[in-house]
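Before any comments, here is the structure.
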Amino acid sequence: MAPGVVDDIATINRISAVPAMLQVIAEMTGMRFAAVARVTQTTWTACAVLDNLGFGLQPGGELELVSTLCFESMHSHQPIIIDHASADPLYQHHHTPRMYRFESYITIPVWRTDGRFFGTLCALDPEPASLKDSTIQSTMESFARLLSLQIDAEENQQRTETALLQERENAELREQFIAVIGHDLRNPLFAITTAAERLLRKYPNPPSDVLAQHILSCGHRASQLVEDVLDFARGRLGSGIPLTLSECGNLDQVLRHVVSEIQSVHPDRLIQSDIGPLTGIQCDSGRLAQLLSNLLINAITHGGPSGAVRVSALTLDGVFSLKVFNQGTPIAPELLPHLFKPYSRPANHTPQAGLGLGLYIASQIALSHGGHLEVASNQAQGTVFTFSLALAQA
């Protein structure tokens with residue numbers, strides 16, 4: 001069987017209207033055999049058959065192409081209609097009616113919507129029939145056009161289902177990817193940092209302490225990179241960054257601790273904070289701490305080195321607002337829409353640590369909470385990132 005013909009047979013048999021078409025053709029003409037055939041340059045293959053003659057042809061059955069009149073219809077691009085073959089001037093001596101023992105016959109070319117030839121819609125019977133003076137030709141031509149549209153629709157549906165199946169398989173691979181990172185990378189990194197901490201505590205040795213401290217710092221840094229990749233995988237490839245929501249009665253303390261922690265790492269920078277009492281907020285305080293940490297690190301990295309970084313957190317009119325301001329060169333307007341995309345970095349040649357995922361992860365944390373993160377930047381006010389969360393929505 002020709003390549004692709006098996007798929008074409010399956011496509012025709014998934015079209016529920018085909019049996020009804022063949023039945024209508026049989027009833028209108030009185031002919032007892034009707035079929036949809038896939039015709040190539042070398043083969044004639046039945047795709048769907050209505051056989052009340054005992055002709056013996058089933059879907060998938062093949063005929064020698066040159067023995068059929070469909071061969072002639074394919075090349076002439078015209079229908080062939082025979083009322084009485086043995087009395088027809090063109091076909092009374094033709095080999096096909098004698099070979100298949102029919103008197104009445106009709107074949108209508110079926111063209112794909114893109115102009116490719118698909119095959120024929122045909123019918124035959126050993127008895128003569130009045131076909132040329134009836135509406136059967138126009139009816140079967142309408143059926144041929146409808147069949148072409150149905151073939152396209154069915155193939156589109158199959159492509160969609162195949163794509164959906166592929167996406168499901170990809171989703172499983174993504175889950176495996178996340179699991180591999182979580183287990184096969186985090187665990188050995190934890191062992192490395194734990195061992196370095198034990199060396200520093202239990203076996204102090206000034207010559208080697210510098211190396212142990214370096215191992216510990218690199219281990220913590222690598223662990224943070226792994227966590228960033230995990231969050232990226234969940235947010236970009238999975239079902240979003242997971243949250244553990246609860247009534248955050250100490251959110252203000254959590255945020256102040258983040259500010260203090262970042263300040264201790266960057267003692268030469270001035271970080272000012274205005275964090276008011278924060279109550280009645282349903283959130284994941286750990287994730288909001290991560291959001292603030294990412295915004296602060298971004299502000300310190302990209303803000304003016306002599307300018308203060310300011311943090312503001314408050315609730316007003318039922319909305320929780322967390323803002324991080326920094327001074328320095330404003331962000332170009334054309335770059336603002338891209339800041340929250342993965343691996344987004346400013347267009348400069350300054351070497352930078354990290355994967356460029358900080359702002360993306362912050363935006364995903366905001367989305368997972370049902371809030372949104374936005375940025376504004378100008379010469380007068382500097383750059384400000386604002387996380388907003390409606391308390392009723394939270």
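Just remember, in the structure tokens the first chain shown is A, the second B, etc., residues are 1-based per chain, and ligands are 1-based in the order shown.
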Spatial neighbours of Leu314 in chain A, max dist 6 Å, only C-alpha atoms, sep filter under 6 positions, as a list of chain:residue names | A:Gly276, A:Phe320, A:Ser321
For Leu22 in chain A: contacts at 8 Å, only C-alpha atoms, fewer than 4 positions along chain excluded, given as a list in words |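 Close residues of Leu22 in chain A: Val18, Ala26, Ala34, Ala35, Val49 and Leu50 of chain A.
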Generate the output file for the selected residues, all heavy atoms, as a JSON list (two decimals), in the first residue's frame.
[["chain", "number", "residue", "atom", "x", "y", "z"],
["A", 18, "VAL", "N", -19.49, 10.13, 6.07],
["A", 18, "VAL", "CA", -19.21, 9.35, 4.87],
["A", 18, "VAL", "C", -20.23, 8.23, 4.65],
["A", 18, "VAL", "O", -20.76, 8.08, 3.53],
["A", 18, "VAL", "CB", -17.77, 8.80, 4.90],
["A", 18, "VAL", "CG1", -17.56, 7.75, 3.81],
["A", 18, "VAL", "CG2", -16.78, 9.93, 4.74],
["A", 26, "ALA", "N", -26.62, 5.82, -3.07],
["A", 26, "ALA", "CA", -27.27, 4.57, -3.46],
["A", 26, "ALA", "C", -28.77, 4.75, -3.61],
["A", 26, "ALA", "O", -29.39, 4.24, -4.56],
["A", 26, "ALA", "CB", -26.96, 3.49, -2.42],
["A", 34, "ALA", "N", -21.22, 1.79, -3.87],
["A", 34, "ALA", "CA", -20.69, 3.16, -3.83],
["A", 34, "ALA", "C", -19.44, 3.15, -2.95],
["A", 34, "ALA", "O", -19.33, 2.36, -2.01],
["A", 34, "ALA", "CB", -21.73, 4.12, -3.29],
["A", 35, "ALA", "N", -18.49, 4.03, -3.26],
["A", 35, "ALA", "CA", -17.23, 4.02, -2.52],
["A", 35, "ALA", "C", -16.55, 5.39, -2.60],
["A", 35, "ALA", "O", -16.78, 6.18, -3.51],
["A", 35, "ALA", "CB", -16.29, 2.95, -3.08],
["A", 49, "VAL", "N", -16.73, 1.94, 1.81],
["A", 49, "VAL", "CA", -17.47, 1.17, 0.82],
["A", 49, "VAL", "C", -18.89, 0.91, 1.30],
["A", 49, "VAL", "O", -19.11, 0.58, 2.47],
["A", 49, "VAL", "CB", -16.78, -0.19, 0.54],
["A", 49, "VAL", "CG1", -17.62, -1.05, -0.40],
["A", 49, "VAL", "CG2", -15.39, 0.02, -0.03],
["A", 50, "LEU", "N", -19.87, 1.06, 0.39],
["A", 50, "LEU", "CA", -21.24, 0.56, 0.59],
["A", 50, "LEU", "C", -21.45, -0.49, -0.50],
["A", 50, "LEU", "O", -21.54, -0.15, -1.69],
["A", 50, "LEU", "CB", -22.26, 1.68, 0.46],
["A", 50, "LEU", "CG", -23.74, 1.24, 0.49],
["A", 50, "LEU", "CD1", -24.09, 0.63, 1.85],
["A", 50, "LEU", "CD2", -24.66, 2.41, 0.18]]
Determine, counting only C-alpha atoms, which protein, DNA and RNA residues have an atom within 10 Å of an atom of Val5 in chain A; residues of the same chain fewer than 5 positions away are not included. Present the result as a list of chain:residue names.
->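 These residues fall inside the cut-off: A:Ala10, A:Thr11, A:Arg38, A:Val39, A:Thr40, A:Thr43, A:Trp44, A:Thr45, A:Ala46, A:Cys47, A:Gly60.
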Given the selection you just returned, output its residues as a file containing N, CA, C and O atoms, formatted as a PDB file, in the first residue's frame.
ATOM      1  N   ALA A  10      -7.764   5.795   7.325  1.00  0.00           N
ATOM      2  CA  ALA A  10      -8.182   6.039   8.710  1.00  0.00           C
ATOM      3  C   ALA A  10      -8.909   7.372   8.826  1.00  0.00           C
ATOM      4  O   ALA A  10      -9.905   7.492   9.548  1.00  0.00           O
ATOM      5  N   THR A  11      -8.429   8.387   8.093  1.00  0.00           N
ATOM      6  CA  THR A  11      -9.072   9.703   8.139  1.00  0.00           C
ATOM      7  C   THR A  11     -10.498   9.624   7.612  1.00  0.00           C
ATOM      8  O   THR A  11     -11.432  10.142   8.236  1.00  0.00           O
ATOM      9  N   ARG A  38      -9.144   6.361  -2.626  1.00  0.00           N
ATOM     10  CA  ARG A  38      -7.906   7.158  -2.628  1.00  0.00           C
ATOM     11  C   ARG A  38      -7.138   6.750  -3.873  1.00  0.00           C
ATOM     12  O   ARG A  38      -6.808   5.568  -4.075  1.00  0.00           O
ATOM     13  N   VAL A  39      -6.869   7.714  -4.737  1.00  0.00           N
ATOM     14  CA  VAL A  39      -6.238   7.426  -6.016  1.00  0.00           C
ATOM     15  C   VAL A  39      -4.911   8.174  -6.100  1.00  0.00           C
ATOM     16  O   VAL A  39      -4.869   9.397  -5.943  1.00  0.00           O
ATOM     17  N   THR A  40      -3.848   7.419  -6.311  1.00  0.00           N
ATOM     18  CA  THR A  40      -2.526   8.017  -6.532  1.00  0.00           C
ATOM     19  C   THR A  40      -2.121   7.776  -7.981  1.00  0.00           C
ATOM     20  O   THR A  40      -2.905   7.269  -8.785  1.00  0.00           O
ATOM     21  N   THR A  43      -1.928   3.731  -7.671  1.00  0.00           N
ATOM     22  CA  THR A  43      -2.826   2.836  -6.942  1.00  0.00           C
ATOM     23  C   THR A  43      -4.244   3.388  -6.852  1.00  0.00           C
ATOM     24  O   THR A  43      -4.471   4.605  -6.891  1.00  0.00           O
ATOM     25  N   TRP A  44      -5.192   2.463  -6.743  1.00  0.00           N
ATOM     26  CA  TRP A  44      -6.605   2.762  -6.438  1.00  0.00           C
ATOM     27  C   TRP A  44      -6.927   1.960  -5.181  1.00  0.00           C
ATOM     28  O   TRP A  44      -6.844   0.725  -5.186  1.00  0.00           O
ATOM     29  N   THR A  45      -7.287   2.656  -4.099  1.00  0.00           N
ATOM     30  CA  THR A  45      -7.533   1.985  -2.825  1.00  0.00           C
ATOM     31  C   THR A  45      -8.872   2.440  -2.260  1.00  0.00           C
ATOM     32  O   THR A  45      -9.134   3.643  -2.163  1.00  0.00           O
ATOM     33  N   ALA A  46      -9.712   1.478  -1.886  1.00  0.00           N
ATOM     34  CA  ALA A  46     -11.011   1.801  -1.289  1.00  0.00           C
ATOM     35  C   ALA A  46     -10.799   2.311   0.129  1.00  0.00           C
ATOM     36  O   ALA A  46     -10.098   1.688   0.930  1.00  0.00           O
ATOM     37  N   CYS A  47     -11.407   3.476   0.451  1.00  0.00           N
ATOM     38  CA  CYS A  47     -11.335   4.020   1.807  1.00  0.00           C
ATOM     39  C   CYS A  47     -12.618   3.726   2.583  1.00  0.00           C
ATOM     40  O   CYS A  47     -12.574   3.427   3.775  1.00  0.00           O
ATOM     41  N   GLY A  60      -9.477  -0.575   2.262  1.00  0.00           N
ATOM     42  CA  GLY A  60      -8.114  -1.070   2.175  1.00  0.00           C
ATOM     43  C   GLY A  60      -7.883  -1.939   0.955  1.00  0.00           C
ATOM     44  O   GLY A  60      -6.731  -2.204   0.586  1.00  0.00           O
TER      45      GLY A  60
END
Which polymer residues have any atom within 6 Å of an atom of Thr386 in chain A, counting only C-alpha atoms, with same-chain residues fewer than 6 positions away left out, as a VMD selection string?
-> chain A and resid 322 to 323 373 to 374
Leaving out Leu270 in chain A and any residue of its chain fewer than 4 positions from it, which residues lie within 12 Å of it when counting only C-alpha atoms, given as an MDAnalysis selection string?
-> chainID A and resid 259:260 262:266 296 299:300 303:311 325:327
Expressed in Å, the length from CA of Thr244 in chain A to CA of Pro337 in chain A is 29.2 Å
Please identify all polymer residues within 6 Å of Pro128 in chain A, counting only C-alpha atoms, omitting same-chain residues fewer than 6 positions from it, and present them as a PyMOL selection string.
-> chain A and resi 83-84+103-104
Filtered DSSP result for range 10-170 of chain A, state strand (DSSP E), as a compact mmCIF listing (two decimals) with N, CA and C atoms, in the first residue's frame:
# COMPACT_ATOMS: atom_id res chain seq x y z
N PHE A 33 -23.53 -0.28 -5.39
CA PHE A 33 -22.16 -0.18 -4.91
C PHE A 33 -21.72 1.28 -4.99
N ALA A 34 -21.22 1.79 -3.87
CA ALA A 34 -20.69 3.16 -3.83
C ALA A 34 -19.44 3.15 -2.95
N ALA A 35 -18.49 4.03 -3.26
CA ALA A 35 -17.23 4.02 -2.52
C ALA A 35 -16.55 5.39 -2.60
N VAL A 36 -15.71 5.62 -1.58
CA VAL A 36 -14.74 6.71 -1.60
C VAL A 36 -13.38 6.04 -1.83
N ALA A 37 -12.68 6.46 -2.89
CA ALA A 37 -11.42 5.83 -3.23
C ALA A 37 -10.27 6.83 -3.14
N ARG A 38 -9.14 6.36 -2.63
CA ARG A 38 -7.91 7.16 -2.63
C ARG A 38 -7.14 6.75 -3.87
N VAL A 39 -6.87 7.71 -4.74
CA VAL A 39 -6.24 7.43 -6.02
C VAL A 39 -4.91 8.17 -6.10
N THR A 43 -1.93 3.73 -7.67
CA THR A 43 -2.83 2.84 -6.94
C THR A 43 -4.24 3.39 -6.85
N TRP A 44 -5.19 2.46 -6.74
CA TRP A 44 -6.60 2.76 -6.44
C TRP A 44 -6.93 1.96 -5.18
N THR A 45 -7.29 2.66 -4.10
CA THR A 45 -7.53 1.98 -2.82
C THR A 45 -8.87 2.44 -2.26
N ALA A 46 -9.71 1.48 -1.89
CA ALA A 46 -11.01 1.80 -1.29
C ALA A 46 -10.80 2.31 0.13
N CYS A 47 -11.41 3.48 0.45
CA CYS A 47 -11.34 4.02 1.81
C CYS A 47 -12.62 3.73 2.58
N ALA A 48 -13.76 3.84 1.91
CA ALA A 48 -15.06 3.55 2.52
C ALA A 48 -15.93 2.93 1.44
N VAL A 49 -16.73 1.94 1.81
CA VAL A 49 -17.47 1.17 0.82
C VAL A 49 -18.89 0.91 1.30
N LEU A 50 -19.87 1.06 0.39
CA LEU A 50 -21.24 0.56 0.59
C LEU A 50 -21.45 -0.49 -0.50
N ASP A 51 -21.51 -1.75 -0.11
CA ASP A 51 -21.55 -2.84 -1.09
C ASP A 51 -22.78 -3.71 -0.87
N GLU A 62 -7.51 -2.96 -2.87
CA GLU A 62 -6.89 -2.24 -3.98
C GLU A 62 -7.31 -2.84 -5.31
N LEU A 63 -7.37 -1.97 -6.33
CA LEU A 63 -7.60 -2.38 -7.71
C LEU A 63 -6.44 -1.87 -8.54
N GLU A 64 -6.18 -2.54 -9.64
CA GLU A 64 -5.16 -2.07 -10.55
C GLU A 64 -5.63 -0.75 -11.16
N ILE A 80 -16.99 11.27 -14.77
CA ILE A 80 -17.39 10.31 -15.82
C ILE A 80 -18.75 9.75 -15.43
N ILE A 81 -19.71 9.84 -16.34
CA ILE A 81 -21.07 9.38 -16.06
C ILE A 81 -21.51 8.46 -17.21
N ILE A 82 -21.91 7.25 -16.86
CA ILE A 82 -22.36 6.27 -17.87
C ILE A 82 -23.72 5.73 -17.43
N SER A 104 -24.13 0.84 -15.36
CA SER A 104 -24.22 2.24 -14.93
C SER A 104 -23.02 2.55 -14.02
N TYR A 105 -22.53 3.79 -14.20
CA TYR A 105 -21.31 4.14 -13.47
C TYR A 105 -21.22 5.67 -13.37
N ILE A 106 -20.69 6.16 -12.22
CA ILE A 106 -20.39 7.58 -12.06
C ILE A 106 -19.19 7.73 -11.15
N THR A 107 -18.29 8.60 -11.53
CA THR A 107 -17.14 8.93 -10.66
C THR A 107 -16.95 10.44 -10.66
N ILE A 108 -16.74 11.00 -9.46
CA ILE A 108 -16.57 12.44 -9.27
C ILE A 108 -15.20 12.65 -8.62
N PRO A 109 -14.32 13.46 -9.22
CA PRO A 109 -13.01 13.72 -8.59
C PRO A 109 -13.17 14.44 -7.25
N VAL A 110 -12.34 14.08 -6.30
CA VAL A 110 -12.29 14.75 -4.99
C VAL A 110 -10.95 15.47 -4.89
N TRP A 111 -11.03 16.79 -4.77
CA TRP A 111 -9.84 17.63 -4.69
C TRP A 111 -9.70 18.18 -3.28
N PHE A 117 -4.99 16.44 -5.71
CA PHE A 117 -5.98 15.41 -6.02
C PHE A 117 -5.97 14.35 -4.93
N PHE A 118 -7.15 14.06 -4.38
CA PHE A 118 -7.25 13.04 -3.34
C PHE A 118 -7.69 11.70 -3.91
N GLY A 119 -8.77 11.72 -4.66
CA GLY A 119 -9.32 10.46 -5.17
C GLY A 119 -10.67 10.71 -5.81
N THR A 120 -11.57 9.74 -5.66
CA THR A 120 -12.87 9.85 -6.30
C THR A 120 -13.99 9.38 -5.38
N LEU A 121 -15.16 9.89 -5.69
CA LEU A 121 -16.41 9.42 -5.11
C LEU A 121 -17.15 8.73 -6.25
N CYS A 122 -17.36 7.42 -6.14
CA CYS A 122 -17.86 6.68 -7.30
C CYS A 122 -18.96 5.70 -6.91
N ALA A 123 -19.71 5.26 -7.94
CA ALA A 123 -20.77 4.28 -7.75
C ALA A 123 -20.96 3.50 -9.04
N LEU A 124 -21.42 2.26 -8.93
CA LEU A 124 -21.66 1.44 -10.12
C LEU A 124 -22.75 0.40 -9.84
N ASP A 125 -23.28 -0.17 -10.95
CA ASP A 125 -24.30 -1.22 -10.82
C ASP A 125 -24.36 -2.01 -12.12
Filtered DSSP result for range 159-362 of chain A, state alpha helix (DSSP H), as a PyMOL selection string = chain A and resi 159-180+186-202+206-232+251-265+285-302+358-362
